[in-house]
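Everything below belongs to upload19.cif, which stores mmCIF, C-alpha atoms.
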```
data_structure
#
loop_
_atom_site.group_PDB
_atom_site.id
_atom_site.type_symbol
_atom_site.label_atom_id
_atom_site.label_comp_id
_atom_site.auth_asym_id
_atom_site.auth_seq_id
_atom_site.Cartn_x
_atom_site.Cartn_y
_atom_site.Cartn_z
ATOM 1 C CA MET A 55 -12.522 -7.058 -16.412
ATOM 2 C CA SER A 56 -14.359 -3.815 -15.999
ATOM 3 C CA ALA A 57 -12.590 -0.467 -16.152
ATOM 4 C CA PHE A 58 -12.828 -0.245 -12.364
ATOM 5 C CA GLY A 59 -11.319 -3.640 -11.610
ATOM 6 C CA ILE A 60 -10.037 -2.936 -8.131
ATOM 7 C CA ASN A 61 -12.692 -2.408 -5.484
ATOM 8 C CA ALA A 62 -10.333 -2.136 -2.523
ATOM 9 C CA ILE A 63 -6.848 -2.712 -1.169
ATOM 10 C CA ILE A 64 -6.785 -3.639 2.506
ATOM 11 C CA VAL A 65 -3.959 -4.355 4.946
ATOM 12 C CA LEU A 66 -4.960 -6.037 8.204
ATOM 13 C CA ASP A 67 -2.820 -7.005 11.171
ATOM 14 C CA ALA A 68 -2.779 -10.528 12.631
ATOM 15 C CA GLU A 69 -5.769 -9.708 14.867
ATOM 16 C CA GLY A 70 -7.846 -8.455 11.932
ATOM 17 C CA HIS A 71 -7.499 -4.739 12.670
ATOM 18 C CA ARG A 72 -7.075 -2.349 9.775
ATOM 19 C CA ILE A 73 -3.609 -0.958 9.240
ATOM 20 C CA VAL A 74 -4.431 0.801 5.985
ATOM 21 C CA ALA A 75 -7.186 0.494 3.398
ATOM 22 C CA ARG A 76 -8.290 2.173 0.228
ATOM 23 C CA TYR A 77 -11.810 1.578 -1.038
ATOM 24 C CA TYR A 78 -12.530 2.551 -4.623
ATOM 25 C CA LEU A 79 -15.790 1.193 -6.062
ATOM 26 C CA PRO A 80 -18.515 0.722 -5.122
ATOM 27 C CA LYS A 81 -18.725 3.213 -2.291
ATOM 28 C CA TYR A 82 -18.642 1.466 1.075
ATOM 29 C CA SER A 83 -19.969 2.922 4.288
ATOM 30 C CA PRO A 84 -17.655 2.673 7.296
ATOM 31 C CA SER A 85 -19.803 -0.124 8.733
ATOM 32 C CA GLU A 86 -19.669 -2.043 5.414
ATOM 33 C CA GLN A 87 -15.880 -1.610 5.353
ATOM 34 C CA LYS A 88 -15.547 -2.974 8.876
ATOM 35 C CA ASP A 89 -17.891 -5.862 8.071
ATOM 36 C CA LEU A 90 -15.880 -6.813 4.965
ATOM 37 C CA GLU A 91 -12.609 -6.616 6.912
ATOM 38 C CA GLU A 92 -13.991 -8.853 9.685
ATOM 39 C CA LYS A 93 -15.189 -11.395 7.112
ATOM 40 C CA LEU A 94 -11.806 -11.359 5.386
ATOM 41 C CA HIS A 95 -10.006 -11.939 8.663
ATOM 42 C CA ARG A 96 -12.295 -14.786 9.709
ATOM 43 C CA LYS A 97 -12.002 -16.454 6.313
ATOM 44 C CA THR A 98 -8.188 -16.229 6.170
ATOM 45 C CA GLU A 99 -6.930 -16.323 9.759
ATOM 46 C CA ASN A 100 -6.295 -20.085 9.816
ATOM 47 C CA ASN A 101 -4.724 -20.397 6.375
ATOM 48 C CA SER A 102 -1.176 -21.680 6.671
ATOM 49 C CA SER A 103 -0.192 -21.249 2.997
ATOM 50 C CA GLY A 104 -0.203 -17.451 3.160
ATOM 51 C CA ASP A 105 -1.385 -16.821 -0.418
ATOM 52 C CA GLU A 106 -4.759 -17.653 -1.820
ATOM 53 C CA VAL A 107 -7.671 -16.651 -4.022
ATOM 54 C CA ILE A 108 -10.984 -16.571 -2.207
ATOM 55 C CA SER A 109 -14.527 -15.746 -3.163
ATOM 56 C CA LEU A 110 -16.591 -13.747 -0.731
ATOM 57 C CA GLU A 111 -20.050 -12.421 -1.552
ATOM 58 C CA ASN A 112 -19.688 -10.850 -5.022
ATOM 59 C CA PHE A 113 -15.924 -10.400 -4.808
ATOM 60 C CA VAL A 114 -12.798 -12.191 -5.916
ATOM 61 C CA ILE A 115 -10.132 -11.552 -3.300
ATOM 62 C CA LEU A 116 -6.454 -12.325 -3.461
ATOM 63 C CA TYR A 117 -4.354 -12.093 -0.378
ATOM 64 C CA LYS A 118 -0.800 -12.503 0.753
ATOM 65 C CA SER A 119 0.198 -13.029 4.350
ATOM 66 C CA ALA A 120 3.286 -11.281 5.627
ATOM 67 C CA THR A 121 4.842 -11.836 9.051
ATOM 68 C CA ASP A 122 2.074 -10.239 11.103
ATOM 69 C CA ALA A 123 -0.041 -8.550 8.433
ATOM 70 C CA SER A 124 -2.161 -9.620 5.485
ATOM 71 C CA LEU A 125 -2.538 -7.780 2.186
ATOM 72 C CA PHE A 126 -5.845 -8.058 0.321
ATOM 73 C CA ILE A 127 -6.834 -7.025 -3.206
ATOM 74 C CA VAL A 128 -10.600 -7.000 -3.707
ATOM 75 C CA GLY A 129 -11.983 -7.230 -7.235
ATOM 76 C CA GLY A 130 -15.380 -7.845 -8.751
ATOM 77 C CA ALA A 131 -16.742 -11.375 -9.213
ATOM 78 C CA ASP A 132 -15.920 -11.265 -12.943
ATOM 79 C CA ASP A 133 -12.405 -9.857 -12.588
ATOM 80 C CA ASN A 134 -9.385 -11.777 -13.763
ATOM 81 C CA PRO A 135 -7.462 -13.254 -10.790
ATOM 82 C CA ALA A 136 -4.195 -13.119 -12.763
ATOM 83 C CA ILE A 137 -4.489 -9.340 -13.075
ATOM 84 C CA LEU A 138 -5.434 -9.007 -9.415
ATOM 85 C CA ASP A 139 -2.400 -11.140 -8.552
ATOM 86 C CA ASP A 140 -0.179 -8.786 -10.573
ATOM 87 C CA VAL A 141 -1.518 -5.860 -8.510
ATOM 88 C CA LEU A 142 -1.035 -7.727 -5.225
ATOM 89 C CA THR A 143 2.506 -8.765 -6.145
ATOM 90 C CA GLY A 144 3.304 -5.223 -7.266
ATOM 91 C CA PHE A 145 2.025 -3.828 -3.972
ATOM 92 C CA HIS A 146 3.948 -6.320 -1.842
ATOM 93 C CA ASP A 147 7.184 -6.136 -3.835
ATOM 94 C CA SER A 148 7.071 -2.329 -3.927
ATOM 95 C CA MET A 149 6.877 -2.260 -0.139
ATOM 96 C CA VAL A 150 9.792 -4.712 0.136
ATOM 97 C CA ARG A 151 11.894 -2.531 -2.177
ATOM 98 C CA CYS A 152 10.963 0.747 -0.500
ATOM 99 C CA PHE A 153 11.290 -0.603 3.058
ATOM 100 C CA LYS A 154 14.552 -2.328 2.107
ATOM 101 C CA GLY A 155 13.380 -5.239 4.206
ATOM 102 C CA PRO A 156 10.442 -7.469 5.004
ATOM 103 C CA VAL A 157 6.828 -6.369 5.075
ATOM 104 C CA ASP A 158 5.466 -6.525 8.604
ATOM 105 C CA LYS A 159 3.179 -4.470 10.808
ATOM 106 C CA ARG A 160 5.992 -2.399 12.306
ATOM 107 C CA ALA A 161 7.511 -1.569 8.908
ATOM 108 C CA ILE A 162 4.118 -0.600 7.508
ATOM 109 C CA PHE A 163 3.409 1.762 10.432
ATOM 110 C CA GLU A 164 6.899 3.265 10.326
ATOM 111 C CA ASN A 165 6.612 3.855 6.580
ATOM 112 C CA LEU A 166 2.906 4.634 6.318
ATOM 113 C CA ASP A 167 3.568 7.691 4.154
ATOM 114 C CA MET A 168 5.483 5.486 1.729
ATOM 115 C CA VAL A 169 2.704 2.863 1.730
ATOM 116 C CA LEU A 170 0.179 5.555 0.807
ATOM 117 C CA LEU A 171 2.441 6.774 -2.003
ATOM 118 C CA ILE A 172 2.772 3.199 -3.264
ATOM 119 C CA LEU A 173 -1.016 2.880 -3.312
ATOM 120 C CA ASP A 174 -1.287 6.181 -5.201
ATOM 121 C CA GLU A 175 1.184 4.958 -7.818
ATOM 122 C CA LEU A 176 -0.409 1.505 -8.043
ATOM 123 C CA ILE A 177 -4.083 2.405 -8.424
ATOM 124 C CA ASP A 178 -5.976 5.568 -9.257
ATOM 125 C CA SER A 179 -9.733 5.570 -8.590
ATOM 126 C CA GLY A 180 -9.848 1.802 -9.008
ATOM 127 C CA LEU A 181 -7.882 1.811 -12.264
ATOM 128 C CA ILE A 182 -4.620 -0.085 -12.288
ATOM 129 C CA PHE A 183 -1.953 2.503 -12.942
ATOM 130 C CA GLU A 184 1.386 0.712 -12.477
ATOM 131 C CA THR A 185 2.430 -2.665 -11.056
ATOM 132 C CA ASP A 186 6.188 -2.728 -11.716
ATOM 133 C CA PRO A 187 7.905 -2.349 -8.316
ATOM 134 C CA SER A 188 11.038 -0.723 -9.797
ATOM 135 C CA VAL A 189 8.952 1.966 -11.530
ATOM 136 C CA ILE A 190 6.906 2.571 -8.384
ATOM 137 C CA GLU A 191 10.049 2.775 -6.262
ATOM 138 C CA SER A 192 11.656 5.319 -8.605
ATOM 139 C CA ARG A 193 8.509 7.476 -8.650
ATOM 140 C CA ILE A 194 8.321 7.431 -4.870
ATOM 141 C CA ALA A 195 12.014 8.323 -4.565
ATOM 142 C CA THR A 196 11.435 11.268 -6.906
ATOM 143 C CA LYS A 197 8.396 12.436 -4.930
ATOM 144 C CA SER A 198 10.304 12.145 -1.659
ATOM 145 C CA ILE A 199 13.105 14.335 -3.014
ATOM 146 C CA ASP A 200 10.711 16.856 -4.565
ATOM 147 C CA GLU A 201 8.468 17.067 -1.509
ATOM 148 C CA ASN A 202 11.270 17.195 1.055
ATOM 149 C CA PRO A 203 13.715 19.885 -0.030
ATOM 150 C CA LEU A 204 15.027 20.236 3.544
ATOM 151 C CA SER A 205 17.088 17.091 3.574
ATOM 152 C CA GLU A 206 20.211 16.927 5.723
ATOM 153 C CA ALA A 207 22.445 17.430 2.674
ATOM 154 C CA ASN A 208 20.483 20.530 1.619
ATOM 155 C CA ILE A 209 20.614 22.002 5.122
ATOM 156 C CA LYS A 210 24.388 21.428 5.362
ATOM 157 C CA SER A 211 24.909 22.948 1.927
ATOM 158 C CA THR A 212 22.767 25.968 2.771
ATOM 159 C CA TRP A 213 24.546 26.433 6.127
ATOM 160 C CA LYS A 214 27.934 26.251 4.417
ATOM 161 C CA ASP A 215 26.864 28.845 1.841
ATOM 162 C CA LEU A 216 25.489 31.174 4.526
ATOM 163 C CA THR A 217 28.589 30.951 6.697
ATOM 164 C CA LYS A 218 30.774 31.695 3.652
ATOM 165 C CA GLN A 219 28.596 34.626 2.687
ATOM 166 C CA TYR A 220 28.499 36.234 6.143
ATOM 167 C CA PHE A 221 31.819 35.206 7.660
ATOM 168 C CA GLY A 222 34.008 35.122 4.576
#
```

Please go through the file and, once you have read it, give me the structure as structure tokens.
Amino acid sequence: MSAFGINAIIVLDAEGHRIVARYYLPKYSPSEQKDLEEKLHRKTENNSSGDEVISLENFVILYKSATDASLFIVGGADDNPAILDDVLTGFHDSMVRCFKGPVDKRAIFENLDMVLLILDELIDSGLIFETDPSVIESRIATKSIDENPLSEANIKSTWKDLTKQYFG
């Protein structure tokens, strides 16, 4: 497997429309991205098993079907499918843990910020960074706390302190 083993991660809905995608290497033009996504949808739309390894052009692609969405990991033709499967499983299981429920189109849209954080923790510039869902979940929880200091608990605490300070 080359250092840049992951070419893309793509999530499509049941009609083949992109929900979210990250393309790493090689660089794809928007028309090439759309073309690849259409080919993926056509090749997988009638598969009843839900999980499969497919070969398309010069890619090895693993995918997992959720309720009304499909997750795709695109690697090079020489990449190890077992490693790609570890990435795909890590991506799916991280979403299940962070959503605290099933992976479907609605959950992905409602938690799109979390999905993007999962992708950031999973892969960096095509390099596999982390695939353990518990580690990814803990990193995302930490980022959410650090990046959102105005949580309800913080606001209540601040309000309580201010009212004490000004009204005794």

So, counting all atoms listed in the file, which residue among A:Leu110, A:Ala195, A:Ala123, A:Leu116 is closest to Ala136 of chain A? A:Leu116

Quick one: apply the PyMOL selection byres ((chain A and resi 77-92) around 10) to the file and drop the selected residues here as a ChimeraX atom specification. /A:58-66,69-72,75-76,93-97,110-111,126,128-130,177-181

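One finds atom CA of Tyr117 of chain A at 12.7 Å from atom CA of Asp67 of chain A.
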
Report the distance between atom CA of Cys152 of chain A and atom CA of Glu191 of chain A in Å, rounded to one decimal place. 6.2 Å

Evaluate the PyMOL selection byres ((chain A and resi 140) around 12) here and jot the selected residues down as a list in words. Ile60, Leu116, Tyr117, Lys118, Ile127, Asn134, Pro135, Ala136, Ile137, Leu138, Asp139, Val141, Leu142, Thr143, Gly144, Phe145, His146, Asp147, Ser148, Leu176, Ile182, Phe183, Glu184, Thr185, Asp186 and Pro187 of chain A

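For the pair atom CA of Val189 of chain A and atom CA of Asp174 of chain A, the separation is 12.8 Å.
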
Apply the PyMOL selection byres ((chain A and resi 161) around 12) to the structure shown and report the selected residues as a PDB file with C-alpha atoms, in the coordinates of the input.
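Output file out-v4.pdb follows:
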```
ATOM      1  CA  ASP A  67      -2.820  -7.005  11.171  1.00  0.00           C
ATOM      2  CA  ILE A  73      -3.609  -0.958   9.240  1.00  0.00           C
ATOM      3  CA  ALA A 120       3.286 -11.281   5.627  1.00  0.00           C
ATOM      4  CA  THR A 121       4.842 -11.836   9.051  1.00  0.00           C
ATOM      5  CA  ASP A 122       2.074 -10.239  11.103  1.00  0.00           C
ATOM      6  CA  ALA A 123      -0.041  -8.550   8.433  1.00  0.00           C
ATOM      7  CA  MET A 149       6.877  -2.260  -0.139  1.00  0.00           C
ATOM      8  CA  VAL A 150       9.792  -4.712   0.136  1.00  0.00           C
ATOM      9  CA  ARG A 151      11.894  -2.531  -2.177  1.00  0.00           C
ATOM     10  CA  CYS A 152      10.963   0.747  -0.500  1.00  0.00           C
ATOM     11  CA  PHE A 153      11.290  -0.603   3.058  1.00  0.00           C
ATOM     12  CA  LYS A 154      14.552  -2.328   2.107  1.00  0.00           C
ATOM     13  CA  GLY A 155      13.380  -5.239   4.206  1.00  0.00           C
ATOM     14  CA  PRO A 156      10.442  -7.469   5.004  1.00  0.00           C
ATOM     15  CA  VAL A 157       6.828  -6.369   5.075  1.00  0.00           C
ATOM     16  CA  ASP A 158       5.466  -6.525   8.604  1.00  0.00           C
ATOM     17  CA  LYS A 159       3.179  -4.470  10.808  1.00  0.00           C
ATOM     18  CA  ARG A 160       5.992  -2.399  12.306  1.00  0.00           C
ATOM     19  CA  ILE A 162       4.118  -0.600   7.508  1.00  0.00           C
ATOM     20  CA  PHE A 163       3.409   1.762  10.432  1.00  0.00           C
ATOM     21  CA  GLU A 164       6.899   3.265  10.326  1.00  0.00           C
ATOM     22  CA  ASN A 165       6.612   3.855   6.580  1.00  0.00           C
ATOM     23  CA  LEU A 166       2.906   4.634   6.318  1.00  0.00           C
ATOM     24  CA  ASP A 167       3.568   7.691   4.154  1.00  0.00           C
ATOM     25  CA  MET A 168       5.483   5.486   1.729  1.00  0.00           C
ATOM     26  CA  VAL A 169       2.704   2.863   1.730  1.00  0.00           C
TER      27      VAL A 169
END
```

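Closest approach to Leu125 of chain A among A:Ser188, A:Ser109, A:Thr196, A:Thr98 is made by A:Thr98 (distances from all atoms listed in the file).
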